[in-house]
Structure formats: structure tokens, C-alpha cells
>>> print(open('upload18.csv').read())   # CSV, C-alpha atoms
chain,number,residue,atom,x,y,z
A,261,GLU,CA,0.0,0.0,0.0
A,262,ILE,CA,1.0,3.6,-0.5
A,263,GLU,CA,2.2,5.3,2.7
A,264,ALA,CA,0.8,8.9,3.2
A,265,VAL,CA,2.6,11.4,0.9
A,266,THR,CA,3.5,13.7,3.8
A,267,GLY,CA,5.4,16.1,1.8
A,268,VAL,CA,2.5,17.5,-0.1
A,269,GLN,CA,1.3,20.8,1.2
A,270,THR,CA,-1.6,20.1,3.5
A,271,CYS,CA,-4.6,22.0,4.8
A,272,ALA,CA,-8.1,21.2,5.7
A,273,LEU,CA,-8.8,18.8,2.9
A,274,PRO,CA,-12.0,19.4,0.9
A,275,ILE,CA,-14.3,16.5,0.1
A,276,SER,CA,-13.0,16.7,-3.5
A,277,TRP,CA,-9.8,15.1,-2.3
A,278,GLU,CA,-11.5,11.8,-1.5
A,279,ALA,CA,-11.6,10.7,-5.1
A,280,SER,CA,-7.8,11.3,-5.4
A,281,LEU,CA,-7.1,9.4,-2.3
A,282,GLN,CA,-9.4,6.5,-3.2
A,283,LEU,CA,-7.9,6.3,-6.8
A,284,SER,CA,-4.4,6.1,-5.4
A,285,ASP,CA,-5.6,3.3,-3.0
A,286,PHE,CA,-7.4,1.5,-6.0
A,287,LEU,CA,-4.3,1.7,-8.2
A,288,CYS,CA,-2.2,-0.2,-5.7
A,289,SER,CA,-4.9,-2.6,-4.6
A,290,SER,CA,-5.9,-6.1,-5.7
A,291,SER,CA,-9.0,-4.5,-7.3
A,292,CYS,CA,-6.9,-2.9,-10.0
A,293,PRO,CA,-6.8,-4.9,-13.2
A,294,PRO,CA,-3.3,-6.0,-14.1
A,295,ASP,CA,-3.3,-4.0,-17.4
A,296,LEU,CA,-3.8,-0.8,-15.3
A,297,ASN,CA,-0.7,-1.4,-13.3
A,298,LEU,CA,1.3,1.8,-13.8
A,299,ARG,CA,4.8,0.3,-13.3
A,300,GLY,CA,6.9,1.3,-16.3
A,301,LYS,CA,3.9,3.2,-17.9
A,302,THR,CA,3.7,6.8,-19.1
A,303,VAL,CA,0.9,8.6,-17.3
A,304,LEU,CA,-1.0,11.8,-18.0
A,305,GLU,CA,-3.1,13.3,-15.2
A,306,LEU,CA,-6.0,15.6,-15.9
A,307,GLY,CA,-6.9,18.2,-13.3
A,308,SER,CA,-3.9,17.5,-11.2
A,309,GLY,CA,-4.6,20.2,-8.6
A,310,THR,CA,-2.1,19.8,-5.8
A,311,GLY,CA,-0.3,17.0,-7.7
A,312,TYR,CA,-1.1,14.3,-5.1
A,313,LEU,CA,-1.9,11.6,-7.7
A,314,SER,CA,1.0,12.5,-10.0
A,315,ILE,CA,3.4,12.4,-7.0
A,316,CYS,CA,2.0,9.0,-6.0
A,317,CYS,CA,2.4,7.6,-9.5
A,318,ALA,CA,6.0,8.8,-9.8
A,319,LYS,CA,7.2,8.0,-6.3
A,320,TYR,CA,5.2,4.9,-5.3
A,321,LEU,CA,3.6,3.3,-8.3
A,322,GLY,CA,6.6,3.0,-10.5
A,323,ALA,CA,5.4,5.1,-13.5
A,324,ALA,CA,8.2,5.7,-16.0
A,325,HIS,CA,7.0,9.3,-16.5
A,326,VAL,CA,4.0,11.4,-15.3
A,327,THR,CA,2.8,14.6,-17.0
A,328,ALA,CA,0.7,16.6,-14.5
A,329,THR,CA,-1.7,19.0,-16.1
A,330,ASP,CA,-4.2,21.6,-15.0
A,331,GLY,CA,-5.9,24.6,-16.5
A,332,PHE,CA,-5.3,27.3,-14.0
A,333,ASP,CA,-2.1,29.3,-13.5
A,334,THR,CA,-2.4,29.5,-9.7
A,335,VAL,CA,-2.9,25.8,-9.5
A,336,MET,CA,0.2,25.2,-11.7
A,337,THR,CA,2.2,27.4,-9.3
A,338,ASP,CA,1.1,25.3,-6.3
A,339,LEU,CA,1.7,22.1,-8.2
A,340,GLY,CA,5.3,23.2,-8.8
A,341,THR,CA,5.7,23.9,-5.1
A,342,ASN,CA,4.5,20.5,-4.1
A,343,LEU,CA,6.8,18.8,-6.6
A,344,PHE,CA,9.7,20.7,-5.0
A,345,ILE,CA,8.6,19.6,-1.5
A,346,ASN,CA,8.7,16.0,-2.7
A,347,ASP,CA,12.1,16.3,-4.4
A,348,LEU,CA,10.6,16.0,-7.8
A,349,GLN,CA,11.2,19.5,-9.2
A,350,ASP,CA,14.1,18.4,-11.4
A,351,SER,CA,13.1,14.7,-11.7
A,352,PRO,CA,12.9,13.1,-15.2
A,353,LEU,CA,9.9,11.2,-13.8
A,354,VAL,CA,7.6,14.2,-13.7
A,355,SER,CA,6.8,17.2,-16.0
A,356,THR,CA,4.0,19.7,-15.8
A,357,ARG,CA,1.9,21.3,-18.5
A,358,GLU,CA,-1.1,23.7,-18.6
A,359,LEU,CA,-4.0,22.0,-20.3
A,360,LYS,CA,-7.3,23.8,-20.6
A,361,TRP,CA,-10.2,21.4,-21.3
A,362,GLY,CA,-12.1,22.0,-24.5
A,363,HIS,CA,-9.1,23.7,-26.2
A,364,ALA,CA,-8.2,21.8,-29.4
A,365,LEU,CA,-5.1,19.7,-29.0
A,366,LEU,CA,-4.7,18.7,-32.6
A,367,GLY,CA,-2.3,20.9,-34.6
A,368,ASN,CA,-1.0,23.0,-31.7
A,369,GLU,CA,2.0,23.0,-29.5
A,370,ASP,CA,0.2,21.0,-26.8
A,371,ALA,CA,-0.2,18.1,-29.2
A,372,VAL,CA,3.4,18.1,-30.2
A,373,PHE,CA,4.5,18.1,-26.5
A,374,LEU,CA,2.1,15.2,-25.6
A,375,GLU,CA,3.1,13.2,-28.7
A,376,HIS,CA,6.6,13.0,-27.4
A,377,ARG,CA,5.3,11.3,-24.2
A,378,SER,CA,2.6,9.1,-25.7
A,379,PRO,CA,0.7,8.3,-22.5
A,380,ASP,CA,-0.3,4.7,-21.8
A,381,THR,CA,-2.7,5.7,-19.1
A,382,ILE,CA,-4.7,9.0,-18.5
A,383,ILE,CA,-6.0,9.5,-15.0
A,384,GLY,CA,-8.3,12.0,-13.4
A,385,ALA,CA,-9.9,12.3,-9.9
A,386,ASP,CA,-13.0,14.3,-9.1
A,387,VAL,CA,-13.0,15.9,-12.6
A,388,THR,CA,-16.8,15.2,-13.2
A,389,TYR,CA,-18.4,17.2,-10.5
A,390,ASP,CA,-19.2,20.4,-12.5
A,391,ALA,CA,-21.9,19.8,-15.1
A,392,ALA,CA,-20.9,23.0,-17.0
A,393,ALA,CA,-17.3,21.7,-17.4
A,394,LEU,CA,-18.2,18.2,-18.6
A,395,PRO,CA,-18.5,19.0,-22.4
A,396,ALA,CA,-15.0,20.5,-22.3
A,397,LEU,CA,-13.6,17.5,-20.4
A,398,VAL,CA,-15.1,14.9,-22.7
A,399,ALA,CA,-14.0,16.9,-25.8
A,400,THR,CA,-10.5,16.8,-24.4
A,401,LEU,CA,-10.8,13.1,-23.9
A,402,ARG,CA,-11.9,12.8,-27.5
A,403,ASP,CA,-8.9,14.8,-28.7
A,404,LEU,CA,-6.5,12.7,-26.6
A,405,PHE,CA,-8.0,9.5,-28.0
A,406,GLU,CA,-7.4,10.9,-31.5
A,407,LEU,CA,-3.7,11.4,-30.6
A,408,PHE,CA,-3.3,8.3,-28.5
A,409,PRO,CA,-5.9,5.7,-29.5
A,410,LYS,CA,-4.5,3.0,-27.4
A,411,ALA,CA,-4.5,5.0,-24.2
A,412,GLN,CA,-6.7,3.9,-21.3
A,413,VAL,CA,-8.5,6.5,-19.1
A,414,VAL,CA,-9.2,5.9,-15.5
A,415,ILE,CA,-11.4,8.4,-13.7
A,416,ALA,CA,-12.5,8.4,-10.1
A,417,SER,CA,-15.6,10.4,-9.3
A,418,THR,CA,-17.1,11.4,-6.0
A,419,VAL,CA,-20.8,11.2,-6.8
A,420,ARG,CA,-22.5,14.2,-5.2
A,421,ASN,CA,-25.3,14.5,-7.8
A,422,GLU,CA,-26.6,11.6,-9.9
A,423,GLU,CA,-27.9,13.9,-12.6
A,424,THR,CA,-24.4,15.4,-13.2
A,425,TYR,CA,-22.8,12.0,-13.3
A,426,GLU,CA,-25.4,10.8,-15.8
A,427,LYS,CA,-24.6,13.8,-18.0
A,428,PHE,CA,-21.0,12.6,-18.0
A,429,LEU,CA,-22.1,9.1,-19.0
A,430,GLY,CA,-24.3,10.5,-21.7
A,431,LEU,CA,-21.4,12.5,-23.2
A,432,CYS,CA,-19.2,9.4,-23.2
A,433,ARG,CA,-22.0,7.5,-25.1
A,434,LYS,CA,-22.3,10.4,-27.5
A,435,TYR,CA,-18.6,9.9,-28.5
A,436,ARG,CA,-19.0,6.1,-28.4
A,437,PHE,CA,-16.3,5.7,-25.9
A,438,VAL,CA,-15.9,2.2,-24.5
A,439,PHE,CA,-17.0,2.6,-20.8
A,440,GLU,CA,-16.6,0.3,-17.9
A,441,HIS,CA,-17.3,0.7,-14.2
A,442,LEU,CA,-14.5,-1.0,-12.3
A,443,PRO,CA,-15.4,-2.9,-9.1
A,444,TRP,CA,-14.2,-0.9,-6.1
A,445,ARG,CA,-15.0,-0.8,-2.4
A,446,ALA,CA,-13.3,1.8,-0.3
A,447,THR,CA,-11.1,0.5,2.4
A,448,ALA,CA,-12.8,0.8,5.8
A,449,PRO,CA,-11.3,3.7,7.8
A,450,GLU,CA,-10.2,1.3,10.6
A,451,LYS,CA,-8.2,-0.8,8.1
A,452,GLN,CA,-6.5,2.1,6.2
A,453,ARG,CA,-2.8,2.5,6.5
A,454,GLY,CA,-2.5,5.6,4.4
A,455,PRO,CA,-3.5,7.6,2.6
A,456,PHE,CA,-6.4,8.1,5.0
A,457,TYR,CA,-9.8,9.2,3.7
A,458,GLU,CA,-13.5,9.4,4.6
A,459,THR,CA,-15.9,6.9,3.0
A,460,LEU,CA,-19.2,8.8,3.6
A,461,MET,CA,-19.7,9.7,-0.1
A,462,PRO,CA,-19.6,7.1,-2.9
A,463,VAL,CA,-16.6,7.2,-5.3
A,464,ARG,CA,-17.0,5.4,-8.6
A,465,ILE,CA,-14.0,4.4,-10.7
A,466,CYS,CA,-14.4,3.9,-14.4
A,467,ARG,CA,-12.2,2.9,-17.3
A,468,ILE,CA,-12.7,4.6,-20.7
A,469,ALA,CA,-11.2,3.7,-24.1
A,470,ALA,CA,-11.6,5.0,-27.6
A,471,ALA,CA,-14.3,3.5,-29.7
A,472,GLY,CA,-13.2,0.4,-31.6
A,473,VAL,CA,-10.3,-0.3,-29.3
>>> encode(input="upload18.csv", output="C-alpha cells")
Amino acid sequence: EIEAVTGVQTCALPISWEASLQLSDFLCSSSCPPDLNLRGKTVLELGSGTGYLSICCAKYLGAAHVTATDGFDTVMTDLGTNLFINDLQDSPLVSTRELKWGHALLGNEDAVFLEHRSPDTIIGADVTYDAAALPALVATLRDLFELFPKAQVVIASTVRNEETYEKFLGLCRKYRFVFEHLPWRATAPEKQRGPFYETLMPVRICRIAAAGV
């Protein structure tokens, strides 16, 4: 299991962290399918926020390289700080990139940069909570699949609103993504060894692939 990443800047953690914490727990658990083992894989994270998941992938899950992305300048600054705290600021294992959902990837510098990395696995935690942002998120997934058709996407969602989550599923169906909910039961609080998280709200983990893959 992953021990707590104590170097990441901490504060009173919002509930949105639970999906990140549970996804890291899932990725190193027996529930994770063997083909989603990140050891030796190239990983792209969407909506990295503090960088918790990217740090876990680089330091504890054996990823060959992780590209941590987010769409906000202030978040990118904090992300860089957290990489520094965790001795990853100059590491060949991690790079950062601003990535605004809904902005076309094909034919611009972002696409060129990402092509050099060719991610095997694209991850995201708590990226589906805002109904207004979902079309942009799914459009970015579509563009990423055009660039990297063999990539697998793993998303962990804290389900606060079933209607919003159903909108996400509907958009995935619109683009004919191959969608699968992965079996996952959060570790009971008394059995957790770190990272520690609450289990009051349901977190669903899904795998998404390009149509026809």
C-alpha cells in the first residue's frame, strides 16, 4: 500500500480530495486490473490540482513518466511547489503542462508536446463534479484519443449528484467511448494504513477507451 505522501502541502482537505485518495488506493490494490498497473507506464493526469496523484504515480507506483496537467495558473504554481517539496522538481519522472479542457489539442504545441510522451494511461480524480465543465472535459478526452488511440483513461468520481454523473455518462456515449465501471469498495477507515480518507460519499471508478479499441 501507499504510505501517506506527507510532503504534499496540506490544509483542511475538501471532500473533493476523496476521489484522489481513493484512486491512489485503488491503483495499488488487488481490485486494480493487471493491465492498469502503472509500473513502467507513461501517465498523463488531468486536473492535477495539488499533484497528489502524480506524485504518488512517480514515487510509489513505478510510473516511467508522469505529466501533471491543470488549466489554472495559480494551481500550476502550487503544483510546482508540491513537486519541490517532494524532491521531484528536477526529476525526469515528472513534468507539468497547462492544459485547458475544451481547447483543441490537434495541430498546436500541446499536441506536439504530448506526442513526445505518448501516455499509456490517462488518470483523473474528481473531474466530473461540475456539469458545466463536462462537455469540455469529454471533448479533451476525444482529442486525446485521436492522438493516443491505445491509451486507457481511469477516472474516479465522488458522486454528489446523480444527474451530473449521468450527464458525464451521456457524453461518453455520444462519442461512443468504451466505458466500464470497475469494481471498487473503499477501504474501511479502521483498516486504512495511508492515505487516509473518509468513506461517507460514494466514489465510482471507471475505465474509458476509444471507440473500436
>>> closest_atom_pairs(input="upload18.csv", of="segment 315-367 of chain A", to="segment 295-304 of chain A", cutoff="12 Å", atoms="all atoms listed in the file", output="CSV")
residue,atom,partner,partner_atom,distance
A:Ile315,CA,A:Val303,CA,11.3
A:Cys316,CA,A:Leu298,CA,10.6
A:Cys317,CA,A:Leu298,CA,7.3
A:Ala318,CA,A:Val303,CA,9.1
A:Lys319,CA,A:Arg299,CA,10.7
A:Tyr320,CA,A:Arg299,CA,9.2
A:Leu321,CA,A:Arg299,CA,6.0
A:Gly322,CA,A:Arg299,CA,4.3
A:Ala323,CA,A:Arg299,CA,4.8
A:Ala324,CA,A:Gly300,CA,4.6
A:His325,CA,A:Thr302,CA,4.9
A:Val326,CA,A:Val303,CA,4.6
A:Thr327,CA,A:Leu304,CA,4.8
A:Ala328,CA,A:Leu304,CA,6.2
A:Thr329,CA,A:Leu304,CA,7.5
A:Asp330,CA,A:Leu304,CA,10.7
A:Pro352,CA,A:Thr302,CA,11.8
A:Leu353,CA,A:Thr302,CA,9.3
A:Val354,CA,A:Val303,CA,9.4
A:Ser355,CA,A:Leu304,CA,9.7
A:Thr356,CA,A:Leu304,CA,9.6
A:Arg357,CA,A:Leu304,CA,9.9
A:Glu358,CA,A:Leu304,CA,11.9
A:Leu359,CA,A:Leu304,CA,10.9
>>> write_last_selection(input="upload18.csv", atoms="C-alpha atoms", output="mmCIF file, in the frame of the given file")
data_model
loop_
_atom_site.group_PDB
_atom_site.id
_atom_site.type_symbol
_atom_site.label_atom_id
_atom_site.label_comp_id
_atom_site.auth_asym_id
_atom_site.auth_seq_id
_atom_site.Cartn_x
_atom_site.Cartn_y
_atom_site.Cartn_z
ATOM 1 C CA ILE A 315 3.400 12.400 -7.000
ATOM 2 C CA CYS A 316 2.000 9.000 -6.000
ATOM 3 C CA CYS A 317 2.400 7.600 -9.500
ATOM 4 C CA ALA A 318 6.000 8.800 -9.800
ATOM 5 C CA LYS A 319 7.200 8.000 -6.300
ATOM 6 C CA TYR A 320 5.200 4.900 -5.300
ATOM 7 C CA LEU A 321 3.600 3.300 -8.300
ATOM 8 C CA GLY A 322 6.600 3.000 -10.500
ATOM 9 C CA ALA A 323 5.400 5.100 -13.500
ATOM 10 C CA ALA A 324 8.200 5.700 -16.000
ATOM 11 C CA HIS A 325 7.000 9.300 -16.500
ATOM 12 C CA VAL A 326 4.000 11.400 -15.300
ATOM 13 C CA THR A 327 2.800 14.600 -17.000
ATOM 14 C CA ALA A 328 0.700 16.600 -14.500
ATOM 15 C CA THR A 329 -1.700 19.000 -16.100
ATOM 16 C CA ASP A 330 -4.200 21.600 -15.000
ATOM 17 C CA PRO A 352 12.900 13.100 -15.200
ATOM 18 C CA LEU A 353 9.900 11.200 -13.800
ATOM 19 C CA VAL A 354 7.600 14.200 -13.700
ATOM 20 C CA SER A 355 6.800 17.200 -16.000
ATOM 21 C CA THR A 356 4.000 19.700 -15.800
ATOM 22 C CA ARG A 357 1.900 21.300 -18.500
ATOM 23 C CA GLU A 358 -1.100 23.700 -18.600
ATOM 24 C CA LEU A 359 -4.000 22.000 -20.300
#
>>> atom_distance(input="upload18.csv", atom1="atom CA of Ser291 of chain A", atom2="atom CA of Trp444 of chain A")
6.4 Å
>>> closest_residue(input="upload18.csv", among="A:Leu401, A:Val413, A:Val438, A:Ala446", to="Thr459 of chain A", atoms="all atoms listed in the file")
A:Ala446
>>> atom_distance(input="upload18.csv", atom1="atom CA of Thr341 of chain A", atom2="atom CA of Pro455 of chain A")
20.2 Å
>>> residues_around(input="upload18.csv", residues="Leu343 of chain A", least_positions_apart="3", cutoff="10 Å", atoms="all atoms listed in the file", output="VMD selection string")
chain A and resid 267 to 269 310 to 312 314 to 315 338 to 340 346 to 351 354 to 356
>>> atom_distance(input="upload18.csv", atom1="atom CA of Leu397 of chain A", atom2="atom CA of Ser280 of chain A")
17.2 Å
>>> closest_residue(input="upload18.csv", among="A:Glu423, A:Phe332, A:Asp390, A:Ile383", to="Ser284 of chain A", atoms="only C-alpha atoms")
A:Ile383
>>> residues_around(input="upload18.csv", residues="Gly430 of chain A", least_positions_apart="4", cutoff="12 Å", atoms="all atoms listed in the file", output="ChimeraX atom specification")
/A:391,394-395,398,423-426,434-437,439
>>> closest_residue(input="upload18.csv", among="A:Cys432, A:Cys292, A:Cys466, A:Ala399", to="Thr418 of chain A", atoms="all atoms listed in the file")
A:Cys466
>>> closest_residue(input="upload18.csv", among="A:Glu278, A:Asp333, A:Glu406, A:Glu458", to="Asp386 of chain A", atoms="all atoms listed in the file")
A:Glu278
>>> decode(input="upload18.csv", residues="segment 310-435 of chain A", atoms="C-alpha atoms", output="compact mmCIF listing (two decimals), in the first residue's frame")
# COMPACT_ATOMS: atom_id res chain seq x y z
CA THR A 310 -2.08 19.77 -5.78
CA GLY A 311 -0.35 17.00 -7.73
CA TYR A 312 -1.09 14.32 -5.15
CA LEU A 313 -1.87 11.61 -7.71
CA SER A 314 1.03 12.48 -9.99
CA ILE A 315 3.40 12.39 -7.02
CA CYS A 316 2.04 9.00 -5.98
CA CYS A 317 2.44 7.63 -9.51
CA ALA A 318 6.04 8.83 -9.76
CA LYS A 319 7.25 8.00 -6.25
CA TYR A 320 5.25 4.94 -5.26
CA LEU A 321 3.58 3.29 -8.27
CA GLY A 322 6.63 2.98 -10.51
CA ALA A 323 5.44 5.06 -13.45
CA ALA A 324 8.16 5.70 -16.04
CA HIS A 325 6.95 9.28 -16.50
CA VAL A 326 4.02 11.40 -15.34
CA THR A 327 2.76 14.58 -16.98
CA ALA A 328 0.71 16.56 -14.46
CA THR A 329 -1.72 18.99 -16.08
CA ASP A 330 -4.21 21.60 -14.95
CA GLY A 331 -5.90 24.58 -16.53
CA PHE A 332 -5.29 27.30 -13.96
CA ASP A 333 -2.12 29.34 -13.49
CA THR A 334 -2.41 29.52 -9.70
CA VAL A 335 -2.89 25.76 -9.49
CA MET A 336 0.17 25.19 -11.66
CA THR A 337 2.23 27.35 -9.31
CA ASP A 338 1.12 25.33 -6.26
CA LEU A 339 1.73 22.11 -8.18
CA GLY A 340 5.32 23.15 -8.80
CA THR A 341 5.75 23.90 -5.12
CA ASN A 342 4.49 20.47 -4.14
CA LEU A 343 6.81 18.76 -6.59
CA PHE A 344 9.68 20.71 -5.00
CA ILE A 345 8.63 19.63 -1.51
CA ASN A 346 8.65 16.01 -2.69
CA ASP A 347 12.10 16.27 -4.37
CA LEU A 348 10.59 15.95 -7.83
CA GLN A 349 11.17 19.48 -9.17
CA ASP A 350 14.07 18.39 -11.41
CA SER A 351 13.13 14.75 -11.73
CA PRO A 352 12.91 13.13 -15.18
CA LEU A 353 9.91 11.24 -13.80
CA VAL A 354 7.55 14.23 -13.74
CA SER A 355 6.77 17.18 -15.96
CA THR A 356 3.97 19.73 -15.81
CA ARG A 357 1.86 21.30 -18.51
CA GLU A 358 -1.06 23.70 -18.56
CA LEU A 359 -3.96 22.00 -20.30
CA LYS A 360 -7.28 23.77 -20.64
CA TRP A 361 -10.17 21.39 -21.29
CA GLY A 362 -12.06 22.04 -24.50
CA HIS A 363 -9.13 23.74 -26.23
CA ALA A 364 -8.22 21.85 -29.39
CA LEU A 365 -5.12 19.70 -28.98
CA LEU A 366 -4.66 18.70 -32.59
CA GLY A 367 -2.34 20.92 -34.55
CA ASN A 368 -0.99 23.04 -31.73
CA GLU A 369 2.04 22.97 -29.45
CA ASP A 370 0.24 20.96 -26.76
CA ALA A 371 -0.24 18.09 -29.20
CA VAL A 372 3.43 18.14 -30.17
CA PHE A 373 4.49 18.07 -26.53
CA LEU A 374 2.11 15.25 -25.64
CA GLU A 375 3.08 13.19 -28.69
CA HIS A 376 6.60 13.00 -27.36
CA ARG A 377 5.25 11.33 -24.21
CA SER A 378 2.56 9.05 -25.71
CA PRO A 379 0.71 8.28 -22.47
CA ASP A 380 -0.33 4.71 -21.83
CA THR A 381 -2.73 5.74 -19.08
CA ILE A 382 -4.67 8.96 -18.52
CA ILE A 383 -5.98 9.49 -15.00
CA GLY A 384 -8.30 11.99 -13.37
CA ALA A 385 -9.88 12.30 -9.94
CA ASP A 386 -12.97 14.32 -9.14
CA VAL A 387 -13.05 15.87 -12.60
CA THR A 388 -16.76 15.20 -13.24
CA TYR A 389 -18.44 17.19 -10.45
CA ASP A 390 -19.16 20.37 -12.49
CA ALA A 391 -21.88 19.81 -15.08
CA ALA A 392 -20.87 22.96 -16.95
CA ALA A 393 -17.31 21.69 -17.43
CA LEU A 394 -18.25 18.21 -18.64
CA PRO A 395 -18.55 18.98 -22.38
CA ALA A 396 -15.04 20.50 -22.34
CA LEU A 397 -13.64 17.55 -20.38
CA VAL A 398 -15.13 14.95 -22.71
CA ALA A 399 -14.04 16.94 -25.79
CA THR A 400 -10.48 16.83 -24.42
CA LEU A 401 -10.78 13.08 -23.90
CA ARG A 402 -11.91 12.77 -27.52
CA ASP A 403 -8.89 14.77 -28.70
CA LEU A 404 -6.54 12.70 -26.56
CA PHE A 405 -7.96 9.50 -28.02
CA GLU A 406 -7.36 10.87 -31.52
CA LEU A 407 -3.72 11.43 -30.60
CA PHE A 408 -3.30 8.29 -28.49
CA PRO A 409 -5.95 5.73 -29.53
CA LYS A 410 -4.48 2.95 -27.38
CA ALA A 411 -4.48 4.98 -24.15
CA GLN A 412 -6.73 3.94 -21.30
CA VAL A 413 -8.48 6.52 -19.14
CA VAL A 414 -9.18 5.89 -15.46
CA ILE A 415 -11.43 8.38 -13.68
CA ALA A 416 -12.52 8.40 -10.06
CA SER A 417 -15.65 10.44 -9.33
CA THR A 418 -17.11 11.45 -6.00
CA VAL A 419 -20.81 11.23 -6.82
CA ARG A 420 -22.54 14.22 -5.25
CA ASN A 421 -25.28 14.50 -7.85
CA GLU A 422 -26.56 11.57 -9.91
CA GLU A 423 -27.89 13.89 -12.62
CA THR A 424 -24.44 15.39 -13.17
CA TYR A 425 -22.82 11.97 -13.28
CA GLU A 426 -25.44 10.77 -15.77
CA LYS A 427 -24.61 13.75 -17.97
CA PHE A 428 -21.00 12.61 -17.99
CA LEU A 429 -22.07 9.09 -18.98
CA GLY A 430 -24.30 10.50 -21.71
CA LEU A 431 -21.44 12.49 -23.22
CA CYS A 432 -19.25 9.38 -23.20
CA ARG A 433 -21.99 7.54 -25.07
CA LYS A 434 -22.26 10.43 -27.55
CA TYR A 435 -18.63 9.92 -28.55
